[in-house]
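Chemist: Here it is: the structure, laid out below.
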Amino acid sequence: MNTQMYNTRLAFLLALSDLKTPLNENEKQILADIANQLDIQPLAWTDYTEPMLLKMIQSNPQLNQQYTQYKTQLDQLPETSQFLSGIETELQSLMVMDNTVRARGFKPKPTAKPTDYDCQINNLVVVVSRSEEPETAVKTVSCLDKLKQMLGNSGQ
């Protein structure tokens with residue numbers, strides 16, 4: 001799987017998990033709007049949703065710094081799917097924490113294989129962004145920790 005097109009979402013989730021200060025209410029509302037947009041119109045990612053996310057990231061200096069670092073590292077990797085192998089199970093545990101959340105994102109392809117993580121990455125963004133404390137919810141996703149460890153080792 002070529003994850004280049006999902007690096008923005010992965011870099012955002014990684015940066016959010018490193019955030020030391022809580023998001024303000026406006027940022028949380030923007031994230032909820034992004035989640036709703038990604039859920040309802042996943043094909044509008046490039047034209048509408050991604051620019052909205054990038055604008056929110058850029059307005060938060062700490063988040064922007066971490067995002068830029070992770071995005072650069074992810075763009076240099078040929079493959080990240082082996083670090084996302086438990087993402088579906090983790091999504092289920094996140095949804096149990098808040099029973100109002102429903103995972104959707106991109107609809108699974110009829111021919112989707114267990115190694116197709118595009119749906120799970122989108123669903124993870126939706127679930128985390130809709131939570132009351134996105135910066136806390138994302139810290140429970142251990143596959144992101146595995147990816148961080150790998151990124152840390154690749155820079156050495």
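We label chains A, B, ... in the order they appear in the structure tokens, count residues from 1 in each chain, and number ligands from 1 in the order shown.
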Extract, using only C-alpha atoms, all DNA, RNA and protein residues at most 8 Å from stretch 15-28 of chain A, discarding same-chain residues fewer than 4 positions from it, and format them as JSON, numbers by chain.
Modeler: {"A": [11, 32, 56, 62, 63, 64, 66, 67, 70, 129, 132, 133, 134, 135, 136, 138, 139]}
Chemist: Using only C-alpha atoms, pick whichever of A:Ala35, A:Leu53, A:Leu10, A:Met150 has the shortest atom-to-atom distance to A:Val128.
Modeler: A:Ala35
Chemist: Mind giving me the straight-line distance from atom CA of A:Arg130 to atom CA of A:Leu77 in Å, one decimal?
Modeler: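 Atom CA of A:Leu77 lies 28.6 Å from atom CA of A:Arg130.
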Chemist: Would you work out the distance separating atom CA of A:Thr49 from atom CA of A:Thr68, expressed in Å to one decimal?
Modeler: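 Calculated distance between atom CA of A:Thr49 and atom CA of A:Thr68 is 18.0 Å.
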